[in-house]
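Notes follow the structure.
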Amino acid sequence: MLVAFSVAPSGTGRADGSVHDAVAAAVKVVRESGLAHRTSSMFTEIEGEWDEVFAVVKAATDAVLPFGSRVSLVLKADIRPGYTGELDGKIERLERAIEEAAADDAPSA
């Protein structure tokens, strides 16, 4: 299973609205989990079995709680039993498809 999630506090009292300290606490939990993961500017993706992934999402959410009066969690899951390595596999297949489409569109000599 792949899960993309974003967790952030609100009601932080910070004038600039920054949540980077809270996000850092959540990402630390993910990194320490030992599960395959990737963090971008908007989401963290994590791969594993249902119970272990959701335990990490809960722990990451709990890590953000002290930073504000409430927490927002956005989550999207790709549940595909029997598949592993999809964190990278999906990207590799996408890149191959883009390369093949570019080759098909190239003018022939």
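Following the order of the structure tokens, chains are lettered A, B, ..., residues in each are numbered from 1, and ligands are numbered from 1.
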
Which residues in stretch 22-74 of chain A does DSSP call helix (DSSP H, G or I)? List them as a CSV table (one decimal) with all heavy atoms, in the first residue's frame.
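Listing of out39.csv after writing:
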chain,number,residue,atom,x,y,z
A,22,ALA,N,6.7,21.9,12.9
A,22,ALA,CA,5.8,20.8,13.1
A,22,ALA,C,5.9,19.7,12.0
A,22,ALA,O,5.9,18.5,12.3
A,22,ALA,CB,4.3,21.3,13.1
A,23,VAL,N,6.1,20.1,10.8
A,23,VAL,CA,6.3,19.2,9.7
A,23,VAL,C,7.6,18.4,9.9
A,23,VAL,O,7.6,17.2,9.7
A,23,VAL,CB,6.3,19.9,8.3
A,23,VAL,CG1,6.6,18.9,7.2
A,23,VAL,CG2,4.9,20.5,8.1
A,24,ALA,N,8.6,19.1,10.4
A,24,ALA,CA,9.9,18.4,10.7
A,24,ALA,C,9.7,17.3,11.7
A,24,ALA,O,10.2,16.2,11.6
A,24,ALA,CB,10.9,19.4,11.1
A,25,ALA,N,8.8,17.5,12.7
A,25,ALA,CA,8.6,16.5,13.7
A,25,ALA,C,7.9,15.3,13.1
A,25,ALA,O,8.2,14.2,13.5
A,25,ALA,CB,7.7,17.1,14.8
A,26,ALA,N,6.9,15.6,12.2
A,26,ALA,CA,6.2,14.5,11.5
A,26,ALA,C,7.1,13.7,10.6
A,26,ALA,O,7.1,12.4,10.6
A,26,ALA,CB,5.0,15.0,10.7
A,27,VAL,N,8.0,14.4,9.9
A,27,VAL,CA,8.9,13.7,9.0
A,27,VAL,C,9.9,12.8,9.7
A,27,VAL,O,10.3,11.7,9.3
A,27,VAL,CB,9.6,14.7,8.0
A,27,VAL,CG1,10.7,14.0,7.2
A,27,VAL,CG2,8.5,15.3,7.1
A,28,LYS,N,10.3,13.3,10.9
A,28,LYS,CA,11.2,12.6,11.7
A,28,LYS,C,10.6,11.2,12.1
A,28,LYS,O,11.3,10.2,12.1
A,28,LYS,CB,11.6,13.4,13.0
A,28,LYS,CG,12.5,12.7,13.9
A,28,LYS,CD,12.8,13.6,15.1
A,28,LYS,CE,13.9,13.0,16.0
A,28,LYS,NZ,13.4,12.0,16.9
A,29,VAL,N,9.3,11.2,12.4
A,29,VAL,CA,8.6,10.0,12.8
A,29,VAL,C,8.7,9.0,11.6
A,29,VAL,O,8.9,7.8,11.7
A,29,VAL,CB,7.2,10.3,13.2
A,29,VAL,CG1,6.4,9.0,13.3
A,29,VAL,CG2,7.2,11.0,14.5
A,30,VAL,N,8.4,9.6,10.4
A,30,VAL,CA,8.4,8.7,9.2
A,30,VAL,C,9.8,8.1,8.9
A,30,VAL,O,9.9,6.9,8.7
A,30,VAL,CB,7.9,9.5,8.0
A,30,VAL,CG1,8.0,8.8,6.7
A,30,VAL,CG2,6.4,10.0,8.2
A,31,ARG,N,10.8,9.0,9.0
A,31,ARG,CA,12.1,8.5,8.7
A,31,ARG,C,12.6,7.4,9.7
A,31,ARG,O,13.3,6.5,9.4
A,31,ARG,CB,13.1,9.7,8.7
A,31,ARG,CG,12.9,10.6,7.5
A,31,ARG,CD,13.9,11.7,7.5
A,31,ARG,NE,13.7,12.5,6.3
A,31,ARG,CZ,14.3,13.6,6.0
A,31,ARG,NH1,15.2,14.1,6.8
A,31,ARG,NH2,14.1,14.2,4.9
A,32,GLU,N,12.2,7.6,11.0
A,32,GLU,CA,12.6,6.6,12.0
A,32,GLU,C,11.7,5.3,11.9
A,32,GLU,O,12.1,4.3,12.5
A,32,GLU,CB,12.4,7.2,13.4
A,32,GLU,CG,13.5,8.3,13.6
A,32,GLU,CD,13.3,9.0,15.0
A,32,GLU,OE1,12.2,8.8,15.6
A,32,GLU,OE2,14.2,9.8,15.3
A,33,SER,N,10.7,5.3,11.1
A,33,SER,CA,9.8,4.1,11.0
A,33,SER,C,10.5,2.9,10.3
A,33,SER,O,10.1,1.8,10.5
A,33,SER,CB,8.5,4.5,10.2
A,33,SER,OG,8.8,4.6,8.8
A,50,TRP,N,-0.9,-2.2,5.6
A,50,TRP,CA,-1.9,-1.3,6.1
A,50,TRP,C,-1.7,-0.9,7.6
A,50,TRP,O,-1.6,0.3,7.9
A,50,TRP,CB,-3.3,-2.1,6.0
A,50,TRP,CG,-4.5,-1.3,6.5
A,50,TRP,CD1,-4.9,-1.1,7.7
A,50,TRP,CD2,-5.4,-0.6,5.6
A,50,TRP,NE1,-6.0,-0.3,7.8
A,50,TRP,CE2,-6.3,0.0,6.5
A,50,TRP,CE3,-5.5,-0.5,4.3
A,50,TRP,CZ2,-7.4,0.8,6.0
A,50,TRP,CZ3,-6.6,0.3,3.8
A,50,TRP,CH2,-7.5,0.9,4.6
A,51,ASP,N,-1.5,-1.8,8.5
A,51,ASP,CA,-1.4,-1.5,9.9
A,51,ASP,C,-0.1,-0.7,10.2
A,51,ASP,O,-0.1,0.2,11.0
A,51,ASP,CB,-1.4,-2.8,10.8
A,51,ASP,CG,-2.8,-3.4,10.8
A,51,ASP,OD1,-3.8,-2.7,10.5
A,51,ASP,OD2,-2.9,-4.6,11.1
A,52,GLU,N,1.0,-1.1,9.6
A,52,GLU,CA,2.2,-0.3,9.8
A,52,GLU,C,2.2,1.1,9.3
A,52,GLU,O,2.7,2.0,9.9
A,52,GLU,CB,3.4,-1.1,9.4
A,52,GLU,CG,3.5,-1.4,7.9
A,52,GLU,CD,4.6,-2.4,7.5
A,52,GLU,OE1,5.4,-2.8,8.4
A,52,GLU,OE2,4.8,-2.7,6.3
A,53,VAL,N,1.6,1.2,8.1
A,53,VAL,CA,1.6,2.6,7.5
A,53,VAL,C,0.7,3.5,8.3
A,53,VAL,O,1.0,4.6,8.6
A,53,VAL,CB,1.1,2.5,6.0
A,53,VAL,CG1,0.7,3.9,5.5
A,53,VAL,CG2,2.1,1.8,5.1
A,54,PHE,N,-0.5,3.0,8.7
A,54,PHE,CA,-1.4,3.8,9.4
A,54,PHE,C,-0.9,4.1,10.9
A,54,PHE,O,-1.2,5.2,11.4
A,54,PHE,CB,-2.8,3.3,9.4
A,54,PHE,CG,-3.5,3.7,8.2
A,54,PHE,CD1,-3.5,2.9,7.0
A,54,PHE,CD2,-4.2,4.9,8.1
A,54,PHE,CE1,-4.1,3.3,5.8
A,54,PHE,CE2,-4.8,5.3,6.9
A,54,PHE,CZ,-4.8,4.5,5.8
A,55,ALA,N,-0.1,3.2,11.4
A,55,ALA,CA,0.5,3.5,12.7
A,55,ALA,C,1.5,4.6,12.6
A,55,ALA,O,1.6,5.5,13.5
A,55,ALA,CB,1.2,2.2,13.2
A,56,VAL,N,2.2,4.7,11.5
A,56,VAL,CA,3.2,5.8,11.3
A,56,VAL,C,2.4,7.1,11.0
A,56,VAL,O,2.8,8.2,11.6
A,56,VAL,CB,4.2,5.5,10.1
A,56,VAL,CG1,5.0,6.7,9.8
A,56,VAL,CG2,5.0,4.3,10.5
A,57,VAL,N,1.4,7.1,10.2
A,57,VAL,CA,0.6,8.3,10.0
A,57,VAL,C,0.0,8.8,11.3
A,57,VAL,O,0.1,10.0,11.6
A,57,VAL,CB,-0.6,8.0,9.0
A,57,VAL,CG1,-1.5,9.2,8.9
A,57,VAL,CG2,0.0,7.7,7.6
A,58,LYS,N,-0.5,7.9,12.2
A,58,LYS,CA,-1.0,8.3,13.5
A,58,LYS,C,0.1,8.9,14.3
A,58,LYS,O,-0.1,10.0,14.9
A,58,LYS,CB,-1.7,7.2,14.2
A,58,LYS,CG,-2.2,7.6,15.6
A,58,LYS,CD,-2.8,6.5,16.3
A,58,LYS,CE,-3.5,6.9,17.6
A,58,LYS,NZ,-2.9,7.9,18.4
A,59,ALA,N,1.3,8.3,14.4
A,59,ALA,CA,2.4,8.8,15.2
A,59,ALA,C,2.9,10.2,14.6
A,59,ALA,O,3.2,11.1,15.4
A,59,ALA,CB,3.5,7.8,15.2
A,60,ALA,N,2.9,10.3,13.3
A,60,ALA,CA,3.3,11.6,12.7
A,60,ALA,C,2.3,12.7,13.1
A,60,ALA,O,2.6,13.8,13.4
A,60,ALA,CB,3.4,11.5,11.2
A,61,THR,N,1.0,12.3,13.1
A,61,THR,CA,-0.1,13.3,13.4
A,61,THR,C,0.1,13.7,14.9
A,61,THR,O,0.0,14.8,15.3
A,61,THR,CB,-1.4,12.7,13.2
A,61,THR,OG1,-1.5,12.3,11.8
A,61,THR,CG2,-2.5,13.7,13.5
A,62,ASP,N,0.3,12.7,15.8
A,62,ASP,CA,0.5,12.9,17.2
A,62,ASP,C,1.7,13.9,17.4
A,62,ASP,O,1.7,14.7,18.3
A,62,ASP,CB,0.7,11.6,18.0
A,62,ASP,CG,-0.6,10.8,18.1
A,62,ASP,OD1,-1.7,11.4,17.8
A,62,ASP,OD2,-0.5,9.6,18.4
A,63,ALA,N,2.8,13.7,16.6
A,63,ALA,CA,4.0,14.6,16.7
A,63,ALA,C,3.7,16.0,16.4
A,63,ALA,O,4.4,16.9,16.9
A,63,ALA,CB,5.1,14.0,15.9
A,64,VAL,N,2.6,16.3,15.6
A,64,VAL,CA,2.3,17.6,15.2
A,64,VAL,C,1.4,18.3,16.2
A,64,VAL,O,1.3,19.5,16.4
A,64,VAL,CB,1.7,17.6,13.8
A,64,VAL,CG1,1.1,19.0,13.4
A,64,VAL,CG2,2.7,17.2,12.8
A,65,LEU,N,0.6,17.5,17.0
A,65,LEU,CA,-0.4,18.1,17.9
A,65,LEU,C,0.2,19.2,18.9
A,65,LEU,O,-0.5,20.1,19.1
A,65,LEU,CB,-1.0,16.9,18.8
A,65,LEU,CG,-2.0,16.0,18.1
A,65,LEU,CD1,-2.3,14.8,19.0
A,65,LEU,CD2,-3.3,16.8,17.8
A,66,PRO,N,1.4,19.1,19.4
A,66,PRO,CA,1.8,20.1,20.3
A,66,PRO,C,2.1,21.5,19.7
A,66,PRO,O,2.3,22.5,20.4
A,66,PRO,CB,3.1,19.5,20.9
A,66,PRO,CG,3.1,18.1,20.6
A,66,PRO,CD,2.3,17.9,19.4
A,67,PHE,N,2.0,21.5,18.3
A,67,PHE,CA,2.4,22.8,17.6
A,67,PHE,C,1.2,23.7,17.4
A,67,PHE,O,1.4,24.8,16.8
A,67,PHE,CB,3.1,22.4,16.3
A,67,PHE,CG,4.5,21.9,16.5
A,67,PHE,CD1,4.6,20.5,16.7
A,67,PHE,CD2,5.6,22.7,16.6
A,67,PHE,CE1,5.9,19.9,16.9
A,67,PHE,CE2,6.9,22.1,16.8
A,67,PHE,CZ,7.0,20.8,16.9

**Request:** Please measure the separation of atom CA of A:Ser6 and atom CA of A:Ser40, giving the value in Å to one decimal.
**Result:** 10.0 Å

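Of the listed residues (A:Val7, A:Ser18, A:Thr12, A:Met1), A:Met1 comes nearest to A:Ala36; the distances count only C-alpha atoms.
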
**Message:** Among stretch 16-85 of chain A, which residues does DSSP mark as strand (DSSP E) when it is run on the backbone? Keep the chain and numbering as in the structure and answer as JSON, numbers by chain.
**Reply:** {"A": [36, 37, 38, 39, 44, 45, 46, 47, 70, 71, 72, 73, 74, 75, 76, 77, 78]}

Next, dump the selected residues to file, keeping only N, CA and C atoms, as a tab-separated table (two decimals), in the first residue's frame.
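Output contents, as saved in result_19.tsv:
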chain	number	residue	atom	x	y	z
A	36	ALA	N	9.76	2.45	3.58
A	36	ALA	CA	10.13	3.22	2.39
A	36	ALA	C	9.29	4.49	2.36
A	37	HIS	N	9.93	5.62	2.08
A	37	HIS	CA	9.21	6.89	2.08
A	37	HIS	C	9.90	7.91	1.17
A	38	ARG	N	9.16	8.96	0.87
A	38	ARG	CA	9.67	10.09	0.09
A	38	ARG	C	8.90	11.31	0.56
A	39	THR	N	9.62	12.41	0.79
A	39	THR	CA	8.97	13.65	1.19
A	39	THR	C	9.22	14.71	0.12
A	44	THR	N	4.17	13.65	2.08
A	44	THR	CA	5.08	12.56	2.35
A	44	THR	C	4.40	11.29	1.88
A	45	GLU	N	5.12	10.48	1.12
A	45	GLU	CA	4.61	9.19	0.66
A	45	GLU	C	5.30	8.12	1.49
A	46	ILE	N	4.56	7.10	1.84
A	46	ILE	CA	5.10	6.00	2.64
A	46	ILE	C	4.52	4.70	2.10
A	47	GLU	N	5.33	3.63	2.11
A	47	GLU	CA	4.89	2.34	1.58
A	47	GLU	C	5.07	1.25	2.62
A	70	ARG	N	-5.13	22.73	16.74
A	70	ARG	CA	-5.77	21.67	15.97
A	70	ARG	C	-4.82	21.21	14.88
A	71	VAL	N	-5.14	20.05	14.28
A	71	VAL	CA	-4.29	19.47	13.25
A	71	VAL	C	-5.14	19.09	12.04
A	72	SER	N	-4.61	19.35	10.86
A	72	SER	CA	-5.26	18.96	9.62
A	72	SER	C	-4.46	17.81	9.01
A	73	LEU	N	-5.16	16.76	8.60
A	73	LEU	CA	-4.55	15.61	7.96
A	73	LEU	C	-5.23	15.38	6.62
A	74	VAL	N	-4.42	15.35	5.55
A	74	VAL	CA	-4.90	15.01	4.21
A	74	VAL	C	-4.21	13.71	3.83
A	75	LEU	N	-4.98	12.73	3.36
A	75	LEU	CA	-4.43	11.41	3.08
A	75	LEU	C	-5.04	10.83	1.81
A	76	LYS	N	-4.18	10.23	1.00
A	76	LYS	CA	-4.62	9.50	-0.19
A	76	LYS	C	-3.90	8.16	-0.19
A	77	ALA	N	-4.62	7.08	-0.46
A	77	ALA	CA	-4.03	5.74	-0.42
A	77	ALA	C	-4.23	5.01	-1.74
A	78	ASP	N	-3.22	4.24	-2.12
A	78	ASP	CA	-3.27	3.34	-3.27
A	78	ASP	C	-3.12	1.93	-2.70

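Between atom CA of A:Pro9 and atom CA of A:Leu87 the interatomic distance comes to 26.4 Å.
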
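Taking atom CA of A:Pro81 as the reference point, atom CA of A:Leu2 is found at 10.5 Å.
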